[in-house]
Structure formats: structure tokens, C-alpha cells
Amino acid sequence: MIEPNFTKGDGLVPAIVQDADTKDVLMMAYMNRESWEATLKSGKATFWSRSRQKLWLKGESSGNVQIIKAVFIDCDEDTILLQVKQIGDAACHTGHRSCFYRKLSGEDFVVVGEKIFNPEEVYK
């Protein structure tokens, strides 16, 4: 089986997460071999948290889990694309639907994305 080449990025590869229905890009995170295998086994998006240095099941705190619908790998085998069903409508820890909720307008970024929940209430 073709697998991600984890040696290129010191054990990590970027994983782009896209809504399987709308094709909206929801987020980008990193996967190592352990999170890759956990994702394939569970059918739920699991990443490697660089800040916490541990596996991170998306939605373990917020309940906004990502159910895998399709998995793609790029031509260099060093980037993964996960198409998911986003449970709870928000992928971003800031409470927005997508982590890409700010758009460059002139010389500054403006908020253009929808906020679904208040993170202060969810991450107590």
C-alpha cells in the first residue's frame, strides 16, 4: 500500500481537511505514523499535536469530530487530504466553521467566516 512519506518532514506530514459535501477547506494539521494509523483504524480524524506532543483526536474536547469520508495522498506522498463529515459544524478551536476565517483585504485581514460557538464556553 502507498503510505505517506513521514521521513521528509521529520516524522510529520501536513493533513488538509475538507468538508466532503461543500468542499470547504476546514483546517490543516499534522499527522505522524501513529495518528495516520489511528485515523485509518477509527474512521475519525486524528492528528499529532505539536504543541502538546501527543495524539489529538479532533473533537475530543469540543465534540466537533470529523468522520472520514475519503482519503487522498499527493503525488510526492508527503501531504494528505482528508474529506470529512464535520460533526458540530465548527472545525476551528476559535469557534469558527473553518480555520481559514480571515481574508486579506487591502493591507489587513478581516473576518469573513461564520462563528459557530464560543470557545470560552466549550473549552473550560
# chains A, B, ... in the order shown; residues from 1 in each chain; ligands from 1

$ select_by_dssp --residues "chain A" --states "strand (DSSP E or B)" --output "PyMOL selection string"
chain A and resi 13-19+25-31+44+46-49+54-57+66-73+80-86+96+102-105+108-111+115

$ select_by_dssp --residues "chain A" --states "alpha helix (DSSP H)" --output "number ranges by chain"
A: 33-42, 119-122

$ atom_distance --atom1 "CA of Gln66 (chain A)" --atom2 "CA of Lys85 (chain A)"
5.7 Å

$ atom_distance --atom1 "CA of Ile73 (chain A)" --atom2 "CA of Trp48 (chain A)"
17.5 Å

$ atom_distance --atom1 "CA of Val84 (chain A)" --atom2 "CA of Ile16 (chain A)"
10.4 Å
